[in-house]
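> Please find one structure pasted underneath; my questions will follow.
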Amino acid sequence: QKEVEQDPGPLSVPEGAIVSLNCTYSNSAFQYFMWYRQYSRKGPELLMYTYSSGNKEDGRFTAQVDKSSKYISLFIRDSQPSDSATYLCAMSALRTRQLTFGSGTQLTVLP
Amino acid sequence: SAVISQKPSRDICQRGTSLTIQCQVDSQVTMMFWYRQQPGQSLTLIATANQGSEATYESGFVIDKFPISRPNLTFSTLTVSNMSPEDSSIYLCSGDSGSTDTQYFGPGTRLTVL
């Protein structure tokens with residue numbers, strides 16, 4: 001069993017839809033949770049960062065962490081074609097230490 | 001946030017040769033890491049590049065195959081040695097932000113081994 005599980009998709013939604021991306025994990029030591037966006041042929045770009053449990057909102061993006069269920073989510077409101085990318089969840093047990101990544105979810109937002 | 005650049009951006013190499021990838025950060029970072037991303041897959045950590053000492057390798061990766069240098073707080077190199085087609089991948093370096101408990105990535109080096 002992988003430490004971090006992520007539905008690979010692909011996920012295709014119409015413009016304006018609400019997108020929900022999810023990861024589950026097995027290592028209870030994880031405390032730092034991140035979402036990265038990766039456009040084709042580019043490096044991962046940090047999108048959201050959350051420490052421990054709770055919600056964090058940044059514009060159209062909301063990250064949720066439920067440590068009791070070992071489950072994290074990223075919500076994208078009013079999705080745009082420019083949101084089309086692969087979204088990677090990542091997590092670590094220690095501050096700025098090595099990250100464990102999910103397999104990534106490929107998202108396409110159709111105009 | 002730190003801005004990270006990598007050289008080369010891509011290369012095509014022959015089997016049995018070696019390639020050194022450079023990673024430059026525009027500010028000092030405490031931690032630097034090297035990852036591999038094989039086609040259609042997620043990122044796998046190769047090693048942590050330690051400044052002034054030997055790198056720390058993850059299971060399945062060894063120094064003879066992936067020697068790493070980190071002479072200072074803004075620069076690191078990864079060498080892929082005695083390459084085979086199985087080494088064809090994207091190699092990414094990352095550095096910690098220092099203040100925000102997370103990592104920033106370079107654009108990657110796309111390696112094809114024939």
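Following the order of the structure tokens, chains are lettered A, B, ..., residues in each are numbered from 1, and ligands are numbered from 1.
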Could you name the residues that touch Ile72 of chain A at 7 Å or less, counting only C-alpha atoms, but leaving out those on the same chain fewer than 4 positions away, as JSON, numbers by chain?
{"A": [22, 23, 24, 64, 65, 66]}
> Mind writing the picked residues with C-alpha atoms as a PDB file, in the first residue's frame?

```
ATOM      1  CA  ASN A  22      -8.669  14.297  -2.672  1.00  0.00           C
ATOM      2  CA  CYS A  23      -5.846  12.323  -1.115  1.00  0.00           C
ATOM      3  CA  THR A  24      -5.712   9.762   1.651  1.00  0.00           C
ATOM      4  CA  GLN A  64      -9.025  20.950   3.936  1.00  0.00           C
ATOM      5  CA  VAL A  65      -7.163  18.567   6.201  1.00  0.00           C
ATOM      6  CA  ASP A  66      -8.841  15.954   8.394  1.00  0.00           C
TER       7      ASP A  66
END
```
> Got a sec to pull out which chain B residues are within 8 Å of chain A, counting only C-alpha atoms, and send them as a PyMOL selection string?
chain B and resi 31+33+41-45+48+92+96-98+101-108
> From the set B:Gln22, B:Thr109, B:Thr30, B:Ser94, which residue has the shortest atom-to-atom contact distance to Phe75 of chain B, counting only C-alpha atoms?
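Closest to Phe75 of chain B, using only C-alpha atoms: B:Gln22.
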> Atom CA of Ser40 of chain A to atom CA of Cys93 of chain B: how many Å, to one decimal?
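Spanning atom CA of Ser40 of chain A to atom CA of Cys93 of chain B is a straight-line distance of 17.0 Å.
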> Have a look at atom CA of Ser27 of chain B and atom CA of Ser88 of chain B and let me know their distance in Å, one decimal.
29.8 Å
> Counting only C-alpha atoms, which of B:Ile4, B:Ala49, B:Leu19, B:Val80 gets nearest to Asp64 of chain B?
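Selected residue with least distance to Asp64 of chain B: B:Val80.
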> Taking 3 positions as the minimum chain separation for residues in the same chain, which residues sit within 6 Å of Gln14 of chain B when counting only C-alpha atoms? Answer as a PDB file with N, CA and C atoms, in the first residue's frame.

```pdb
ATOM      1  N   THR B  17      26.810   6.776 -20.884  1.00  0.00           N
ATOM      2  CA  THR B  17      27.417   8.074 -20.585  1.00  0.00           C
ATOM      3  C   THR B  17      26.833   8.638 -19.284  1.00  0.00           C
ATOM      4  N   VAL B 113      17.430   8.841 -22.639  1.00  0.00           N
ATOM      5  CA  VAL B 113      18.616   8.007 -22.848  1.00  0.00           C
ATOM      6  C   VAL B 113      18.309   7.014 -23.962  1.00  0.00           C
ATOM      7  N   LEU B 114      19.144   7.043 -24.988  1.00  0.00           N
ATOM      8  CA  LEU B 114      18.920   6.157 -26.145  1.00  0.00           C
ATOM      9  C   LEU B 114      19.723   4.872 -26.034  1.00  0.00           C
TER      10      LEU B 114
END
```
> What is the atom CA of Ile12 of chain B to atom CA of Thr112 of chain B distance in Å?
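That distance, rounded to one decimal, is 4.7 Å.
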> If DSSP is run on the backbone, what residues of segment 17-81 of chain B are strand (DSSP E)? A reply as a PDB file with all heavy atoms, in the first residue's frame would be ideal.

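Contents of the output file result04.pdb:
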```
ATOM      1  N   LEU B  19      25.532  12.372 -17.168  1.00  0.00           N
ATOM      2  CA  LEU B  19      25.054  13.744 -17.322  1.00  0.00           C
ATOM      3  C   LEU B  19      25.002  14.403 -15.951  1.00  0.00           C
ATOM      4  O   LEU B  19      24.478  13.818 -14.997  1.00  0.00           O
ATOM      5  CB  LEU B  19      23.662  13.763 -17.945  1.00  0.00           C
ATOM      6  CG  LEU B  19      23.023  15.155 -18.059  1.00  0.00           C
ATOM      7  CD1 LEU B  19      23.725  15.968 -19.142  1.00  0.00           C
ATOM      8  CD2 LEU B  19      21.527  15.060 -18.357  1.00  0.00           C
ATOM      9  N   THR B  20      25.515  15.626 -15.883  1.00  0.00           N
ATOM     10  CA  THR B  20      25.424  16.395 -14.640  1.00  0.00           C
ATOM     11  C   THR B  20      24.400  17.505 -14.799  1.00  0.00           C
ATOM     12  O   THR B  20      24.461  18.287 -15.747  1.00  0.00           O
ATOM     13  CB  THR B  20      26.792  16.984 -14.258  1.00  0.00           C
ATOM     14  OG1 THR B  20      27.702  15.909 -13.976  1.00  0.00           O
ATOM     15  CG2 THR B  20      26.673  17.856 -13.020  1.00  0.00           C
ATOM     16  N   ILE B  21      23.475  17.553 -13.869  1.00  0.00           N
ATOM     17  CA  ILE B  21      22.407  18.540 -13.850  1.00  0.00           C
ATOM     18  C   ILE B  21      22.705  19.552 -12.757  1.00  0.00           C
ATOM     19  O   ILE B  21      23.045  19.177 -11.635  1.00  0.00           O
ATOM     20  CB  ILE B  21      21.045  17.873 -13.580  1.00  0.00           C
ATOM     21  CG1 ILE B  21      20.759  16.803 -14.641  1.00  0.00           C
ATOM     22  CG2 ILE B  21      19.929  18.905 -13.559  1.00  0.00           C
ATOM     23  CD1 ILE B  21      19.598  15.895 -14.293  1.00  0.00           C
ATOM     24  N   GLN B  22      22.570  20.830 -13.107  1.00  0.00           N
ATOM     25  CA  GLN B  22      22.850  21.888 -12.141  1.00  0.00           C
ATOM     26  C   GLN B  22      21.550  22.499 -11.623  1.00  0.00           C
ATOM     27  O   GLN B  22      20.586  22.659 -12.383  1.00  0.00           O
ATOM     28  CB  GLN B  22      23.694  22.985 -12.789  1.00  0.00           C
ATOM     29  CG  GLN B  22      25.043  22.515 -13.275  1.00  0.00           C
ATOM     30  CD  GLN B  22      25.830  23.645 -13.917  1.00  0.00           C
ATOM     31  OE1 GLN B  22      25.405  24.802 -13.926  1.00  0.00           O
ATOM     32  NE2 GLN B  22      26.993  23.313 -14.445  1.00  0.00           N
ATOM     33  N   CYS B  23      21.561  22.862 -10.367  1.00  0.00           N
ATOM     34  CA  CYS B  23      20.414  23.512  -9.725  1.00  0.00           C
ATOM     35  C   CYS B  23      20.905  24.750  -8.990  1.00  0.00           C
ATOM     36  O   CYS B  23      21.806  24.662  -8.142  1.00  0.00           O
ATOM     37  CB  CYS B  23      19.741  22.541  -8.757  1.00  0.00           C
ATOM     38  SG  CYS B  23      18.336  23.241  -7.856  1.00  0.00           S
ATOM     39  N   GLN B  24      20.331  25.901  -9.346  1.00  0.00           N
ATOM     40  CA  GLN B  24      20.738  27.174  -8.756  1.00  0.00           C
ATOM     41  C   GLN B  24      19.525  27.843  -8.110  1.00  0.00           C
ATOM     42  O   GLN B  24      18.468  27.963  -8.732  1.00  0.00           O
ATOM     43  CB  GLN B  24      21.309  28.094  -9.833  1.00  0.00           C
ATOM     44  CG  GLN B  24      21.748  29.460  -9.336  1.00  0.00           C
ATOM     45  CD  GLN B  24      23.036  29.386  -8.537  1.00  0.00           C
ATOM     46  OE1 GLN B  24      24.048  28.879  -9.009  1.00  0.00           O
ATOM     47  NE2 GLN B  24      23.019  29.906  -7.313  1.00  0.00           N
ATOM     48  N   VAL B  25      19.686  28.275  -6.857  1.00  0.00           N
ATOM     49  CA  VAL B  25      18.617  28.974  -6.142  1.00  0.00           C
ATOM     50  C   VAL B  25      19.010  30.439  -5.997  1.00  0.00           C
ATOM     51  O   VAL B  25      20.183  30.751  -5.789  1.00  0.00           O
ATOM     52  CB  VAL B  25      18.378  28.355  -4.753  1.00  0.00           C
ATOM     53  CG1 VAL B  25      17.109  28.923  -4.129  1.00  0.00           C
ATOM     54  CG2 VAL B  25      18.264  26.843  -4.851  1.00  0.00           C
ATOM     55  N   MET B  32      18.001  21.224   0.297  1.00  0.00           N
ATOM     56  CA  MET B  32      17.793  21.018  -1.132  1.00  0.00           C
ATOM     57  C   MET B  32      17.576  19.535  -1.373  1.00  0.00           C
ATOM     58  O   MET B  32      18.197  18.688  -0.710  1.00  0.00           O
ATOM     59  CB  MET B  32      18.983  21.515  -1.957  1.00  0.00           C
ATOM     60  CG  MET B  32      19.141  23.030  -1.937  1.00  0.00           C
ATOM     61  SD  MET B  32      20.502  23.606  -2.953  1.00  0.00           S
ATOM     62  CE  MET B  32      19.807  23.403  -4.598  1.00  0.00           C
ATOM     63  N   PHE B  33      16.693  19.250  -2.321  1.00  0.00           N
ATOM     64  CA  PHE B  33      16.333  17.871  -2.604  1.00  0.00           C
ATOM     65  C   PHE B  33      16.360  17.615  -4.106  1.00  0.00           C
ATOM     66  O   PHE B  33      16.154  18.528  -4.903  1.00  0.00           O
ATOM     67  CB  PHE B  33      14.909  17.566  -2.097  1.00  0.00           C
ATOM     68  CG  PHE B  33      14.703  17.845  -0.638  1.00  0.00           C
ATOM     69  CD1 PHE B  33      14.226  19.069  -0.215  1.00  0.00           C
ATOM     70  CD2 PHE B  33      14.964  16.876   0.309  1.00  0.00           C
ATOM     71  CE1 PHE B  33      14.024  19.337   1.137  1.00  0.00           C
ATOM     72  CE2 PHE B  33      14.764  17.124   1.667  1.00  0.00           C
ATOM     73  CZ  PHE B  33      14.296  18.355   2.074  1.00  0.00           C
ATOM     74  N   TRP B  34      16.574  16.372  -4.463  1.00  0.00           N
ATOM     75  CA  TRP B  34      16.488  15.945  -5.854  1.00  0.00           C
ATOM     76  C   TRP B  34      15.402  14.871  -5.980  1.00  0.00           C
ATOM     77  O   TRP B  34      15.372  13.908  -5.196  1.00  0.00           O
ATOM     78  CB  TRP B  34      17.828  15.384  -6.342  1.00  0.00           C
ATOM     79  CG  TRP B  34      18.850  16.449  -6.573  1.00  0.00           C
ATOM     80  CD1 TRP B  34      19.822  16.873  -5.722  1.00  0.00           C
ATOM     81  CD2 TRP B  34      18.985  17.244  -7.754  1.00  0.00           C
ATOM     82  NE1 TRP B  34      20.562  17.874  -6.283  1.00  0.00           N
ATOM     83  CE2 TRP B  34      20.077  18.122  -7.542  1.00  0.00           C
ATOM     84  CE3 TRP B  34      18.313  17.289  -8.983  1.00  0.00           C
ATOM     85  CZ2 TRP B  34      20.500  19.035  -8.501  1.00  0.00           C
ATOM     86  CZ3 TRP B  34      18.724  18.200  -9.930  1.00  0.00           C
ATOM     87  CH2 TRP B  34      19.821  19.060  -9.687  1.00  0.00           C
ATOM     88  N   TYR B  35      14.533  15.068  -6.983  1.00  0.00           N
ATOM     89  CA  TYR B  35      13.434  14.145  -7.236  1.00  0.00           C
ATOM     90  C   TYR B  35      13.518  13.630  -8.663  1.00  0.00           C
ATOM     91  O   TYR B  35      14.079  14.278  -9.546  1.00  0.00           O
ATOM     92  CB  TYR B  35      12.072  14.842  -7.073  1.00  0.00           C
ATOM     93  CG  TYR B  35      11.707  15.236  -5.657  1.00  0.00           C
ATOM     94  CD1 TYR B  35      12.185  16.414  -5.108  1.00  0.00           C
ATOM     95  CD2 TYR B  35      10.853  14.434  -4.892  1.00  0.00           C
ATOM     96  CE1 TYR B  35      11.839  16.788  -3.813  1.00  0.00           C
ATOM     97  CE2 TYR B  35      10.491  14.815  -3.600  1.00  0.00           C
ATOM     98  CZ  TYR B  35      10.996  15.985  -3.076  1.00  0.00           C
ATOM     99  OH  TYR B  35      10.642  16.353  -1.799  1.00  0.00           O
ATOM    100  N   ARG B  36      12.882  12.490  -8.890  1.00  0.00           N
ATOM    101  CA  ARG B  36      12.719  11.958 -10.233  1.00  0.00           C
ATOM    102  C   ARG B  36      11.224  11.803 -10.506  1.00  0.00           C
ATOM    103  O   ARG B  36      10.472  11.361  -9.624  1.00  0.00           O
ATOM    104  CB  ARG B  36      13.411  10.598 -10.358  1.00  0.00           C
ATOM    105  CG  ARG B  36      13.315   9.984 -11.741  1.00  0.00           C
ATOM    106  CD  ARG B  36      14.179   8.746 -11.843  1.00  0.00           C
ATOM    107  NE  ARG B  36      13.646   7.618 -11.100  1.00  0.00           N
ATOM    108  CZ  ARG B  36      14.262   6.449 -11.005  1.00  0.00           C
ATOM    109  NH1 ARG B  36      15.442   6.270 -11.583  1.00  0.00           N
ATOM    110  NH2 ARG B  36      13.713   5.467 -10.322  1.00  0.00           N
ATOM    111  N   GLN B  37      10.836  12.170 -11.716  1.00  0.00           N
ATOM    112  CA  GLN B  37       9.446  12.018 -12.130  1.00  0.00           C
ATOM    113  C   GLN B  37       9.438  11.273 -13.448  1.00  0.00           C
ATOM    114  O   GLN B  37       9.760  11.830 -14.495  1.00  0.00           O
ATOM    115  CB  GLN B  37       8.755  13.375 -12.269  1.00  0.00           C
ATOM    116  CG  GLN B  37       7.270  13.267 -12.545  1.00  0.00           C
ATOM    117  CD  GLN B  37       6.581  14.616 -12.539  1.00  0.00           C
ATOM    118  OE1 GLN B  37       7.176  15.643 -12.847  1.00  0.00           O
ATOM    119  NE2 GLN B  37       5.289  14.625 -12.183  1.00  0.00           N
ATOM    120  N   LEU B  43       6.274  12.289  -8.263  1.00  0.00           N
ATOM    121  CA  LEU B  43       7.657  12.564  -7.915  1.00  0.00           C
ATOM    122  C   LEU B  43       8.148  11.570  -6.863  1.00  0.00           C
ATOM    123  O   LEU B  43       7.455  11.307  -5.882  1.00  0.00           O
ATOM    124  CB  LEU B  43       7.790  13.980  -7.352  1.00  0.00           C
ATOM    125  CG  LEU B  43       7.773  15.130  -8.353  1.00  0.00           C
ATOM    126  CD1 LEU B  43       6.365  15.395  -8.859  1.00  0.00           C
ATOM    127  CD2 LEU B  43       8.378  16.374  -7.735  1.00  0.00           C
ATOM    128  N   THR B  44       9.345  11.082  -7.078  1.00  0.00           N
ATOM    129  CA  THR B  44       9.996  10.190  -6.128  1.00  0.00           C
ATOM    130  C   THR B  44      11.292  10.842  -5.665  1.00  0.00           C
ATOM    131  O   THR B  44      12.111  11.247  -6.492  1.00  0.00           O
ATOM    132  CB  THR B  44      10.309   8.828  -6.768  1.00  0.00           C
ATOM    133  OG1 THR B  44       9.092   8.227  -7.219  1.00  0.00           O
ATOM    134  CG2 THR B  44      10.995   7.908  -5.769  1.00  0.00           C
ATOM    135  N   LEU B  45      11.476  10.925  -4.365  1.00  0.00           N
ATOM    136  CA  LEU B  45      12.674  11.547  -3.821  1.00  0.00           C
ATOM    137  C   LEU B  45      13.881  10.655  -4.055  1.00  0.00           C
ATOM    138  O   LEU B  45      13.859   9.460  -3.717  1.00  0.00           O
ATOM    139  CB  LEU B  45      12.495  11.795  -2.321  1.00  0.00           C
ATOM    140  CG  LEU B  45      13.667  12.444  -1.593  1.00  0.00           C
ATOM    141  CD1 LEU B  45      13.877  13.877  -2.096  1.00  0.00           C
ATOM    142  CD2 LEU B  45      13.434  12.453  -0.089  1.00  0.00           C
ATOM    143  N   ILE B  46      14.936  11.255  -4.625  1.00  0.00           N
ATOM    144  CA  ILE B  46      16.197  10.540  -4.821  1.00  0.00           C
ATOM    145  C   ILE B  46      17.071  10.713  -3.587  1.00  0.00           C
ATOM    146  O   ILE B  46      17.559   9.739  -3.003  1.00  0.00           O
ATOM    147  CB  ILE B  46      16.945  11.068  -6.062  1.00  0.00           C
ATOM    148  CG1 ILE B  46      16.141  10.814  -7.327  1.00  0.00           C
ATOM    149  CG2 ILE B  46      18.339  10.434  -6.149  1.00  0.00           C
ATOM    150  CD1 ILE B  46      16.725  11.482  -8.564  1.00  0.00           C
ATOM    151  N   ALA B  47      17.288  11.979  -3.195  1.00  0.00           N
ATOM    152  CA  ALA B  47      18.211  12.234  -2.090  1.00  0.00           C
ATOM    153  C   ALA B  47      18.044  13.653  -1.584  1.00  0.00           C
ATOM    154  O   ALA B  47      17.502  14.520  -2.264  1.00  0.00           O
ATOM    155  CB  ALA B  47      19.651  12.010  -2.531  1.00  0.00           C
ATOM    156  N   THR B  48      18.527  13.855  -0.384  1.00  0.00           N
ATOM    157  CA  THR B  48      18.653  15.182   0.214  1.00  0.00           C
ATOM    158  C   THR B  48      20.096  15.628   0.049  1.00  0.00           C
ATOM    159  O   THR B  48      21.023  14.898   0.433  1.00  0.00           O
ATOM    160  CB  THR B  48      18.303  15.127   1.716  1.00  0.00           C
ATOM    161  OG1 THR B  48      16.984  14.610   1.866  1.00  0.00           O
ATOM    162  CG2 THR B  48      18.398  16.510   2.337  1.00  0.00           C
ATOM    163  N   ALA B  49      20.266  16.816  -0.545  1.00  0.00           N
ATOM    164  CA  ALA B  49      21.616  17.346  -0.771  1.00  0.00           C
ATOM    165  C   ALA B  49      22.018  18.154   0.452  1.00  0.00           C
ATOM    166  O   ALA B  49      21.430  19.189   0.743  1.00  0.00           O
ATOM    167  CB  ALA B  49      21.631  18.218  -2.025  1.00  0.00           C
ATOM    168  N   THR B  56      22.112  12.385   1.489  1.00  0.00           N
ATOM    169  CA  THR B  56      21.360  11.302   2.127  1.00  0.00           C
ATOM    170  C   THR B  56      20.421  10.699   1.097  1.00  0.00           C
ATOM    171  O   THR B  56      19.521  11.385   0.614  1.00  0.00           O
ATOM    172  CB  THR B  56      20.552  11.834   3.316  1.00  0.00           C
ATOM    173  OG1 THR B  56      21.414  12.510   4.224  1.00  0.00           O
ATOM    174  CG2 THR B  56      19.855  10.675   4.029  1.00  0.00           C
ATOM    175  N   TYR B  57      20.615   9.435   0.773  1.00  0.00           N
ATOM    176  CA  TYR B  57      19.885   8.790  -0.311  1.00  0.00           C
ATOM    177  C   TYR B  57      18.696   7.990   0.216  1.00  0.00           C
ATOM    178  O   TYR B  57      18.753   7.380   1.283  1.00  0.00           O
ATOM    179  CB  TYR B  57      20.822   7.876  -1.114  1.00  0.00           C
ATOM    180  CG  TYR B  57      21.827   8.647  -1.922  1.00  0.00           C
ATOM    181  CD1 TYR B  57      23.009   9.093  -1.348  1.00  0.00           C
ATOM    182  CD2 TYR B  57      21.567   8.975  -3.253  1.00  0.00           C
ATOM    183  CE1 TYR B  57      23.914   9.844  -2.069  1.00  0.00           C
ATOM    184  CE2 TYR B  57      22.470   9.722  -3.985  1.00  0.00           C
ATOM    185  CZ  TYR B  57      23.640  10.152  -3.387  1.00  0.00           C
ATOM    186  OH  TYR B  57      24.532  10.903  -4.112  1.00  0.00           O
ATOM    187  N   ILE B  68      25.910  13.379  -5.862  1.00  0.00           N
ATOM    188  CA  ILE B  68      25.358  14.714  -5.642  1.00  0.00           C
ATOM    189  C   ILE B  68      26.409  15.567  -4.955  1.00  0.00           C
ATOM    190  O   ILE B  68      27.101  15.118  -4.054  1.00  0.00           O
ATOM    191  CB  ILE B  68      24.091  14.627  -4.767  1.00  0.00           C
ATOM    192  CG1 ILE B  68      22.927  14.015  -5.559  1.00  0.00           C
ATOM    193  CG2 ILE B  68      23.690  16.005  -4.227  1.00  0.00           C
ATOM    194  CD1 ILE B  68      21.710  13.696  -4.712  1.00  0.00           C
ATOM    195  N   SER B  69      26.487  16.807  -5.391  1.00  0.00           N
ATOM    196  CA  SER B  69      27.334  17.769  -4.695  1.00  0.00           C
ATOM    197  C   SER B  69      26.490  18.951  -4.250  1.00  0.00           C
ATOM    198  O   SER B  69      25.471  19.280  -4.876  1.00  0.00           O
ATOM    199  CB  SER B  69      28.473  18.252  -5.596  1.00  0.00           C
ATOM    200  OG  SER B  69      28.008  19.206  -6.527  1.00  0.00           O
ATOM    201  N   ARG B  70      26.905  19.587  -3.171  1.00  0.00           N
ATOM    202  CA  ARG B  70      26.278  20.815  -2.720  1.00  0.00           C
ATOM    203  C   ARG B  70      27.361  21.655  -2.047  1.00  0.00           C
ATOM    204  O   ARG B  70      27.506  21.649  -0.838  1.00  0.00           O
ATOM    205  CB  ARG B  70      25.130  20.547  -1.763  1.00  0.00           C
ATOM    206  CG  ARG B  70      24.368  21.846  -1.541  1.00  0.00           C
ATOM    207  CD  ARG B  70      23.133  21.705  -0.745  1.00  0.00           C
ATOM    208  NE  ARG B  70      22.617  23.037  -0.442  1.00  0.00           N
ATOM    209  CZ  ARG B  70      21.761  23.293   0.525  1.00  0.00           C
ATOM    210  NH1 ARG B  70      21.331  22.320   1.304  1.00  0.00           N
ATOM    211  NH2 ARG B  70      21.344  24.526   0.717  1.00  0.00           N
ATOM    212  N   PRO B  71      28.066  22.431  -2.850  1.00  0.00           N
ATOM    213  CA  PRO B  71      29.205  23.173  -2.304  1.00  0.00           C
ATOM    214  C   PRO B  71      28.812  24.389  -1.462  1.00  0.00           C
ATOM    215  O   PRO B  71      29.613  24.854  -0.654  1.00  0.00           O
ATOM    216  CB  PRO B  71      29.958  23.615  -3.564  1.00  0.00           C
ATOM    217  CG  PRO B  71      28.918  23.647  -4.627  1.00  0.00           C
ATOM    218  CD  PRO B  71      27.962  22.540  -4.307  1.00  0.00           C
ATOM    219  N   ASN B  72      27.590  24.901  -1.645  1.00  0.00           N
ATOM    220  CA  ASN B  72      27.158  26.060  -0.861  1.00  0.00           C
ATOM    221  C   ASN B  72      25.637  26.033  -0.708  1.00  0.00           C
ATOM    222  O   ASN B  72      24.983  25.073  -1.098  1.00  0.00           O
ATOM    223  CB  ASN B  72      27.632  27.363  -1.516  1.00  0.00           C
ATOM    224  CG  ASN B  72      27.163  27.498  -2.956  1.00  0.00           C
ATOM    225  OD1 ASN B  72      25.971  27.350  -3.230  1.00  0.00           O
ATOM    226  ND2 ASN B  72      28.079  27.761  -3.868  1.00  0.00           N
ATOM    227  N   PHE B  75      23.479  26.220  -4.421  1.00  0.00           N
ATOM    228  CA  PHE B  75      23.838  25.452  -5.618  1.00  0.00           C
ATOM    229  C   PHE B  75      24.001  23.968  -5.304  1.00  0.00           C
ATOM    230  O   PHE B  75      24.542  23.586  -4.262  1.00  0.00           O
ATOM    231  CB  PHE B  75      25.141  26.007  -6.204  1.00  0.00           C
ATOM    232  CG  PHE B  75      25.534  25.399  -7.527  1.00  0.00           C
ATOM    233  CD1 PHE B  75      24.920  25.799  -8.702  1.00  0.00           C
ATOM    234  CD2 PHE B  75      26.520  24.421  -7.593  1.00  0.00           C
ATOM    235  CE1 PHE B  75      25.283  25.248  -9.929  1.00  0.00           C
ATOM    236  CE2 PHE B  75      26.886  23.859  -8.811  1.00  0.00           C
ATOM    237  CZ  PHE B  75      26.275  24.280  -9.975  1.00  0.00           C
ATOM    238  N   SER B  76      23.536  23.140  -6.246  1.00  0.00           N
ATOM    239  CA  SER B  76      23.717  21.696  -6.113  1.00  0.00           C
ATOM    240  C   SER B  76      23.787  21.063  -7.502  1.00  0.00           C
ATOM    241  O   SER B  76      23.270  21.643  -8.473  1.00  0.00           O
ATOM    242  CB  SER B  76      22.560  21.070  -5.336  1.00  0.00           C
ATOM    243  OG  SER B  76      22.710  19.651  -5.228  1.00  0.00           O
ATOM    244  N   THR B  77      24.457  19.932  -7.604  1.00  0.00           N
ATOM    245  CA  THR B  77      24.458  19.170  -8.854  1.00  0.00           C
ATOM    246  C   THR B  77      24.081  17.730  -8.587  1.00  0.00           C
ATOM    247  O   THR B  77      24.368  17.186  -7.513  1.00  0.00           O
ATOM    248  CB  THR B  77      25.834  19.191  -9.554  1.00  0.00           C
ATOM    249  OG1 THR B  77      26.782  18.488  -8.745  1.00  0.00           O
ATOM    250  CG2 THR B  77      26.306  20.609  -9.811  1.00  0.00           C
ATOM    251  N   LEU B  78      23.420  17.157  -9.572  1.00  0.00           N
ATOM    252  CA  LEU B  78      23.094  15.727  -9.571  1.00  0.00           C
ATOM    253  C   LEU B  78      23.687  15.137 -10.831  1.00  0.00           C
ATOM    254  O   LEU B  78      23.459  15.669 -11.928  1.00  0.00           O
ATOM    255  CB  LEU B  78      21.581  15.509  -9.564  1.00  0.00           C
ATOM    256  CG  LEU B  78      21.087  14.090  -9.842  1.00  0.00           C
ATOM    257  CD1 LEU B  78      21.306  13.192  -8.633  1.00  0.00           C
ATOM    258  CD2 LEU B  78      19.607  14.080 -10.229  1.00  0.00           C
ATOM    259  N   THR B  79      24.457  14.071 -10.714  1.00  0.00           N
ATOM    260  CA  THR B  79      24.982  13.368 -11.875  1.00  0.00           C
ATOM    261  C   THR B  79      24.244  12.042 -12.021  1.00  0.00           C
ATOM    262  O   THR B  79      24.087  11.309 -11.034  1.00  0.00           O
ATOM    263  CB  THR B  79      26.494  13.120 -11.741  1.00  0.00           C
ATOM    264  OG1 THR B  79      27.160  14.383 -11.650  1.00  0.00           O
ATOM    265  CG2 THR B  79      27.036  12.358 -12.938  1.00  0.00           C
ATOM    266  N   VAL B  80      23.790  11.777 -13.221  1.00  0.00           N
ATOM    267  CA  VAL B  80      23.207  10.472 -13.535  1.00  0.00           C
ATOM    268  C   VAL B  80      24.301   9.692 -14.266  1.00  0.00           C
ATOM    269  O   VAL B  80      24.697  10.086 -15.377  1.00  0.00           O
ATOM    270  CB  VAL B  80      21.944  10.598 -14.384  1.00  0.00           C
ATOM    271  CG1 VAL B  80      21.280   9.229 -14.562  1.00  0.00           C
ATOM    272  CG2 VAL B  80      20.966  11.584 -13.757  1.00  0.00           C
TER     273      VAL B  80
END
```
> Which residues are near Arg110 of chain B? Cut-off 7 Å, only C-alpha atoms, ignore same chain within fewer than 2 positions. Put them as a PyMOL selection string.
chain B and resi 9-11+89-91+108+112
